[in-house]
file entry_29.pdb (PDB, C-alpha atoms)
ATOM      1  CA  MET A   9    -118.371  62.939-122.032
ATOM      2  CA  ASN A  10    -116.533  63.744-118.795
ATOM      3  CA  LYS A  11    -118.878  66.661-118.175
ATOM      4  CA  LEU A  12    -121.911  64.421-118.696
ATOM      5  CA  ILE A  13    -120.534  61.847-116.242
ATOM      6  CA  LYS A  14    -119.759  64.575-113.710
ATOM      7  CA  ASN A  15    -123.233  66.054-114.001
ATOM      8  CA  PHE A  16    -124.826  62.609-113.725
ATOM      9  CA  ILE A  17    -122.884  61.893-110.512
ATOM     10  CA  LEU A  18    -123.789  65.301-109.063
ATOM     11  CA  ASP A  19    -127.432  64.645-109.846
ATOM     12  CA  ASN A  20    -127.258  61.085-108.433
ATOM     13  CA  PRO A  21    -124.798  61.124-105.454
ATOM     14  CA  GLU A  22    -126.305  57.900-104.092
ATOM     15  CA  ILE A  23    -124.413  56.037-106.849
ATOM     16  CA  ILE A  24    -121.104  56.925-105.155
ATOM     17  CA  ILE A  25    -122.398  55.647-101.816
ATOM     18  CA  GLU A  26    -123.641  52.431-103.433
ATOM     19  CA  ALA A  27    -120.329  51.895-105.233
ATOM     20  CA  PHE A  28    -118.397  52.460-102.003
ATOM     21  CA  GLU A  29    -120.627  49.956-100.145
ATOM     22  CA  ILE A  30    -120.056  47.354-102.887
ATOM     23  CA  TYR A  31    -116.301  47.974-102.670
ATOM     24  CA  GLN A  32    -116.332  47.588 -98.866
ATOM     25  CA  LYS A  33    -118.326  44.365 -99.111
ATOM     26  CA  LYS A  34    -115.887  42.975-101.683
ATOM     27  CA  GLN A  35    -112.919  43.902 -99.484
ATOM     28  CA  SER A  36    -114.588  42.277 -96.472
ATOM     29  CA  LEU A  37    -115.295  39.064 -98.414
ATOM     30  CA  ASN A  38    -111.688  38.952 -99.615
ATOM     31  CA  ALA A  39    -110.451  39.400 -96.040
ATOM     32  CA  ILE A  40    -112.700  36.589 -94.787
ATOM     33  CA  LYS A  41    -111.520  34.308 -97.598
ATOM     34  CA  LYS A  42    -107.884  35.024 -96.756
ATOM     35  CA  GLU A  43    -108.584  34.422 -93.054
ATOM     36  CA  LYS A  44    -110.138  31.030 -93.824
ATOM     37  CA  GLU A  45    -107.103  30.084 -95.921
ATOM     38  CA  ILE A  46    -104.752  31.046 -93.075
ATOM     39  CA  ILE A  47    -106.756  28.972 -90.569
ATOM     40  CA  LYS A  48    -106.642  25.985 -92.913
ATOM     41  CA  SER A  49    -102.867  26.298 -93.301
ATOM     42  CA  LEU A  50    -102.454  26.441 -89.502
ATOM     43  CA  GLY A  51    -104.846  23.561 -88.767
ATOM     44  CA  ASN A  52    -102.291  21.226 -87.217
ATOM     45  CA  GLU A  53    -100.885  23.908 -84.904
ATOM     46  CA  LEU A  54    -104.347  25.050 -83.875
ATOM     47  CA  TYR A  55    -106.019  21.700 -83.321
ATOM     48  CA  ASN A  56    -103.304  19.100 -82.677
ATOM     49  CA  ASP A  57    -100.540  20.797 -80.699
ATOM     50  CA  PRO A  58     -99.521  18.365 -77.896
ATOM     51  CA  THR A  59     -98.561  21.282 -75.614
ATOM     52  CA  SER A  60    -102.098  22.727 -75.656
ATOM     53  CA  TYR A  61    -104.748  21.369 -73.309
ATOM     54  CA  PHE A  62    -107.920  20.059 -74.904
ATOM     55  CA  TYR A  63    -111.250  18.992 -73.465
ATOM     56  CA  GLY A  64    -113.235  16.209 -75.099
ATOM     57  CA  ASN A  65    -112.248  13.469 -77.489
ATOM     58  CA  GLN A  66    -109.282  13.867 -79.826
ATOM     59  CA  ASN A  67    -111.449  12.880 -82.796
ATOM     60  CA  ASN A  68    -114.507  15.013 -82.021
ATOM     61  CA  GLU A  69    -115.780  16.632 -85.203
ATOM     62  CA  ILE A  70    -116.474  20.156 -83.923
ATOM     63  CA  LYS A  71    -113.351  22.010 -82.841
ATOM     64  CA  ILE A  72    -113.248  25.211 -80.795
ATOM     65  CA  VAL A  73    -109.969  26.970 -80.041
ATOM     66  CA  GLU A  74    -109.930  29.775 -77.485
ATOM     67  CA  PHE A  75    -107.054  32.187 -76.958
ATOM     68  CA  ILE A  76    -107.214  33.254 -73.305
ATOM     69  CA  ASP A  77    -105.558  35.544 -70.777
ATOM     70  CA  TYR A  78    -106.152  34.880 -67.076
ATOM     71  CA  ASN A  79    -106.562  38.607 -66.350
ATOM     72  CA  CYS A  80    -109.161  39.048 -69.096
ATOM     73  CA  GLY A  81    -112.589  39.816 -67.644
ATOM     74  CA  TYR A  82    -114.434  38.662 -70.744
ATOM     75  CA  CYS A  83    -112.474  35.384 -70.745
ATOM     76  CA  LYS A  84    -113.687  34.790 -67.198
ATOM     77  CA  LYS A  85    -117.226  35.715 -68.201
ATOM     78  CA  ASN A  86    -117.056  33.318 -71.165
ATOM     79  CA  HIS A  87    -115.681  30.495 -69.004
ATOM     80  CA  GLU A  88    -119.067  29.565 -67.535
ATOM     81  CA  VAL A  89    -120.635  29.712 -71.011
ATOM     82  CA  ILE A  90    -117.966  27.366 -72.381
ATOM     83  CA  MET A  91    -118.314  24.905 -69.498
ATOM     84  CA  ASN A  92    -122.089  24.743 -69.970
ATOM     85  CA  ILE A  93    -121.675  24.241 -73.720
ATOM     86  CA  LEU A  94    -119.165  21.419 -73.192
ATOM     87  CA  ASN A  95    -121.397  19.709 -70.630
ATOM     88  CA  GLU A  96    -124.338  19.755 -73.015
ATOM     89  CA  ASN A  97    -122.541  18.898 -76.285
ATOM     90  CA  ASN A  98    -120.432  15.746 -76.445
ATOM     91  CA  ASP A  99    -119.043  16.205 -79.959
ATOM     92  CA  ILE A 100    -116.746  19.179 -79.259
ATOM     93  CA  LYS A 101    -112.980  19.271 -78.930
ATOM     94  CA  TYR A 102    -112.209  22.469 -76.991
ATOM     95  CA  ILE A 103    -108.585  23.642 -77.119
ATOM     96  CA  ILE A 104    -107.021  26.325 -74.918
ATOM     97  CA  LYS A 105    -104.239  28.587 -76.197
ATOM     98  CA  GLU A 106    -102.421  30.511 -73.473
ATOM     99  CA  LEU A 107    -102.015  34.095 -74.714
ATOM    100  CA  PRO A 108    -100.686  36.260 -71.844
ATOM    101  CA  ILE A 109    -100.952  39.773 -73.283
ATOM    102  CA  LEU A 110    -102.254  41.770 -70.299
ATOM    103  CA  GLY A 111     -99.075  42.272 -68.315
ATOM    104  CA  GLU A 112     -96.583  40.520 -66.091
ATOM    105  CA  SER A 113     -99.126  38.775 -63.868
ATOM    106  CA  SER A 114    -100.773  37.297 -66.981
ATOM    107  CA  LEU A 115     -97.411  35.948 -68.117
ATOM    108  CA  LEU A 116     -96.738  34.540 -64.651
ATOM    109  CA  ALA A 117    -100.138  32.816 -64.524
ATOM    110  CA  SER A 118     -99.653  31.293 -67.980
ATOM    111  CA  LYS A 119     -96.205  29.995 -67.085
ATOM    112  CA  PHE A 120     -97.649  28.338 -63.972
ATOM    113  CA  ALA A 121    -100.400  26.761 -66.107
ATOM    114  CA  ILE A 122     -98.020  25.538 -68.807
ATOM    115  CA  ILE A 123     -95.612  24.007 -66.291
ATOM    116  CA  ILE A 124     -98.526  22.242 -64.608
ATOM    117  CA  TYR A 125     -99.742  20.888 -67.963
ATOM    118  CA  LEU A 126     -96.282  19.649 -68.955
ATOM    119  CA  VAL A 127     -95.459  18.105 -65.567
ATOM    120  CA  ASP A 128     -98.759  17.169 -63.905
ATOM    121  CA  GLY A 129    -100.823  16.521 -67.009
ATOM    122  CA  PRO A 130    -104.241  17.611 -68.298
ATOM    123  CA  LYS A 131    -106.405  16.716 -65.288
ATOM    124  CA  ILE A 132    -104.504  18.947 -62.866
ATOM    125  CA  TYR A 133    -104.192  21.633 -65.538
ATOM    126  CA  GLU A 134    -107.966  21.602 -66.008
ATOM    127  CA  LYS A 135    -108.508  22.183 -62.282
ATOM    128  CA  PHE A 136    -105.880  24.940 -62.213
ATOM    129  CA  TYR A 137    -107.309  26.633 -65.315
ATOM    130  CA  ASP A 138    -110.829  26.476 -63.869
ATOM    131  CA  SER A 139    -109.643  27.961 -60.545
ATOM    132  CA  LEU A 140    -107.856  30.829 -62.268
ATOM    133  CA  MET A 141    -110.871  31.593 -64.441
ATOM    134  CA  ARG A 142    -113.038  31.837 -61.321
ATOM    135  CA  TYR A 143    -110.525  33.976 -59.394
ATOM    136  CA  ASN A 144    -111.428  37.668 -59.547
ATOM    137  CA  SER A 145    -108.370  39.413 -58.104
ATOM    138  CA  GLN A 146    -104.861  40.141 -59.370
ATOM    139  CA  PHE A 147    -102.454  37.201 -59.456
ATOM    140  CA  ASN A 148     -99.033  37.015 -57.846
ATOM    141  CA  PHE A 149     -96.601  34.176 -57.216
ATOM    142  CA  GLU A 150     -97.917  33.330 -53.745
ATOM    143  CA  ILE A 151    -101.548  33.160 -54.878
ATOM    144  CA  LEU A 152    -100.735  31.044 -57.933
ATOM    145  CA  ASN A 153     -98.537  28.711 -55.905
ATOM    146  CA  LYS A 154    -101.307  28.299 -53.336
ATOM    147  CA  ILE A 155    -103.886  27.501 -56.044
ATOM    148  CA  ALA A 156    -101.479  25.017 -57.659
ATOM    149  CA  LYS A 157    -101.089  23.136 -54.382
ATOM    150  CA  LYS A 158    -104.837  23.239 -53.764
ATOM    151  CA  VAL A 159    -105.627  21.565 -57.118
ATOM    152  CA  GLY A 160    -103.063  18.821 -56.496
ATOM    153  CA  SER A 161     -99.930  19.893 -58.379
ATOM    154  CA  SER A 162     -96.853  17.830 -57.571
ATOM    155  CA  ILE A 163     -94.469  20.687 -58.411
ATOM    156  CA  LYS A 164     -92.400  21.888 -55.452
ATOM    157  CA  ASP A 165     -90.374  24.631 -57.140
ATOM    158  CA  PHE A 166     -91.980  26.606 -59.970
ATOM    159  CA  ASN A 167     -89.216  29.218 -59.961
ATOM    160  CA  SER A 168     -86.676  26.774 -61.330
ATOM    161  CA  GLN A 169     -88.813  26.068 -64.417
ATOM    162  CA  PHE A 170     -90.088  29.508 -65.420
ATOM    163  CA  ASN A 171     -87.379  30.195 -67.980
ATOM    164  CA  GLU A 172     -87.022  26.732 -69.446
ATOM    165  CA  ASP A 173     -87.284  26.591 -73.244
ATOM    166  CA  LYS A 174     -90.137  24.079 -73.105
ATOM    167  CA  VAL A 175     -92.261  26.641 -71.225
ATOM    168  CA  ASN A 176     -91.299  29.748 -73.198
ATOM    169  CA  ASN A 177     -91.720  27.906 -76.507
ATOM    170  CA  VAL A 178     -95.408  27.247 -75.794
ATOM    171  CA  ILE A 179     -96.060  30.951 -75.270
ATOM    172  CA  LEU A 180     -93.959  31.876 -78.296
ATOM    173  CA  LYS A 181     -95.901  29.421 -80.492
ATOM    174  CA  ASN A 182     -99.206  30.890 -79.349
ATOM    175  CA  LEU A 183     -98.032  34.478 -79.860
ATOM    176  CA  THR A 184     -96.879  33.550 -83.362
ATOM    177  CA  LEU A 185    -100.240  31.924 -84.130
ATOM    178  CA  ALA A 186    -102.059  34.995 -82.832
ATOM    179  CA  ASP A 187     -99.919  37.249 -85.009
ATOM    180  CA  LYS A 188    -100.611  35.181 -88.139
ATOM    181  CA  LEU A 189    -104.338  35.336 -87.409
ATOM    182  CA  SER A 190    -104.275  39.060 -86.526
ATOM    183  CA  ILE A 191    -105.467  38.303 -82.996
ATOM    184  CA  GLU A 192    -104.882  41.299 -80.757
ATOM    185  CA  GLY A 193    -107.213  40.598 -77.836
ATOM    186  CA  THR A 194    -108.835  37.917 -75.724
ATOM    187  CA  PRO A 195    -111.034  36.004 -75.764
ATOM    188  CA  THR A 196    -110.682  35.085 -79.424
ATOM    189  CA  PHE A 197    -112.247  31.903 -80.751
ATOM    190  CA  ILE A 198    -111.363  29.852 -83.806
ATOM    191  CA  ILE A 199    -114.407  27.728 -84.627
ATOM    192  CA  GLU A 200    -113.988  25.595 -87.730
ATOM    193  CA  ASP A 201    -112.658  28.120 -90.280
ATOM    194  CA  ASN A 202    -113.971  31.292 -88.654
ATOM    195  CA  VAL A 203    -112.537  33.775 -86.161
ATOM    196  CA  PHE A 204    -114.828  35.189 -83.467
ATOM    197  CA  ARG A 205    -113.403  38.062 -81.442
ATOM    198  CA  GLY A 206    -114.659  38.926 -77.961
ATOM    199  CA  PHE A 207    -117.371  37.555 -75.699
ATOM    200  CA  ILE A 208    -119.797  34.973 -77.124
ATOM    201  CA  SER A 209    -123.083  34.311 -75.351
ATOM    202  CA  TYR A 210    -124.427  30.813 -74.733
ATOM    203  CA  ASP A 211    -127.158  31.230 -77.369
ATOM    204  CA  GLN A 212    -124.730  32.571 -79.970
ATOM    205  CA  LEU A 213    -122.258  29.745 -79.402
ATOM    206  CA  GLN A 214    -124.941  27.066 -79.443
ATOM    207  CA  GLU A 215    -126.302  28.466 -82.703
ATOM    208  CA  ILE A 216    -122.807  28.397 -84.257
ATOM    209  CA  ILE A 217    -122.391  24.759 -83.178
ATOM    210  CA  GLU A 218    -125.781  23.724 -84.556
ATOM    211  CA  ASN A 219    -125.034  25.421 -87.892
ATOM    212  CA  ILE A 220    -121.745  23.512 -88.113
ATOM    213  CA  ARG A 221    -123.547  20.210 -87.434
ATOM    214  CA  LYS A 222    -125.930  20.895 -90.316
ATOM    215  CA  LYS A 223    -122.966  21.227 -92.677
ATOM    216  CA  LYS A 224    -121.246  18.002 -91.541
TER     217      LYS A 224
END

call {"tool": "encode", "arguments": {"input": "entry_29.pdb", "output": "structure tokens"}}
result
Amino acid sequence: MNKLIKNFILDNPEIIIEAFEIYQKKQSLNAIKKEKEIIKSLGNELYNDPTSYFYGNQNNEIKIVEFIDYNCGYCKKNHEVIMNILNENNDIKYIIKELPILGESSLLASKFAIIIYLVDGPKIYEKFYDSLMRYNSQFNFEILNKIAKKVGSSIKDFNSQFNEDKVNNVILKNLTLADKLSIEGTPTFIIEDNVFRGFISYDQLQEIIENIRKKK
């Protein structure tokens, strides 16, 4: 019997390839299912964290979370896409997760942004975030401080707040979320119960949004 099976496989090697493809597909489906379950379990932290800036109405049905780094070129490229999408779709709650993973200047920029959000509130944060996403050179303290003043921040001394627990805890929460979701790069989007890694074009994002609307 074993010899017959062996000969059959040798005569029909495509069966092995087909079986391997079926196995890979099954593994992929299992991974996606597990990912959806993880997102569901983290829903409150992803969508309702009071220390994360959000654009739109709190109760908007379609939710988009973006993990960003201010030194990430693709995050900057996606920024204009996101702004256009938000301007043209009024049923989206867009949430930003600071994820400074590209070095010290990324961490510095995120700490500036978080302090501004906690002290000055969402309107000034939005202006600061937008300015940083449109800035195409390396950040340092002087540049970030100058941008903060330009957008109307009331903070006189950022240095004194950099190592406060309330600031570090925001970054730690986001790093923990990213770890649970196996996020290793930016931009990464959580849209409903799906993870999208890397740049998303306007047409791709609009199609995702329209497909979600059809399911509501």

call {"tool": "resolve_selection", "arguments": {"input": "entry_29.pdb", "expression": "the PyMOL selection byres ((chain A and resi 182) around 10)", "output": "number ranges by chain"}}
result
A: 53-54, 60, 75, 105-108, 177-181, 183-188

call {"tool": "residues_around", "arguments": {"input": "entry_29.pdb", "residues": "Phe62 in chain A", "least_positions_apart": "5", "cutoff": "10 Å", "atoms": "all atoms listed in the file", "output": "PyMOL selection string"}}
result
chain A and resi 55-57+71-73+100-105+130+134

call {"tool": "residues_around", "arguments": {"input": "entry_29.pdb", "residues": "Val127 in chain A", "least_positions_apart": "3", "cutoff": "9 Å", "atoms": "only C-alpha atoms", "output": "ChimeraX atom specification"}}
result
/A:122-124,161-163

call {"tool": "residues_near_point", "arguments": {"input": "entry_29.pdb", "point": "(-110.3, 33.6, -87.7)", "cutoff": "7 Å", "atoms": "all atoms listed in the file", "output": "ChimeraX atom specification"}}
result
/A:43-44,47,189,198,201-204

call {"tool": "atom_distance", "arguments": {"input": "entry_29.pdb", "atom1": "CA of Lys84 in chain A", "atom2": "CA of Met141 in chain A"}}
result
5.1 Å

call {"tool": "closest_residue", "arguments": {"input": "entry_29.pdb", "among": "A:Asn98, A:Lys164, A:Thr59, A:Ser118", "to": "Asn79 in chain A", "atoms": "only C-alpha atoms"}}
result
A:Ser118

call {"tool": "atom_distance", "arguments": {"input": "entry_29.pdb", "atom1": "CA of Lys222 in chain A", "atom2": "CA of Pro58 in chain A"}}
result
29.3 Å

call {"tool": "closest_residue", "arguments": {"input": "entry_29.pdb", "among": "A:Tyr125, A:Phe197, A:Phe149, A:Phe207", "to": "Lys174 in chain A", "atoms": "all atoms listed in the file"}}
result
A:Tyr125
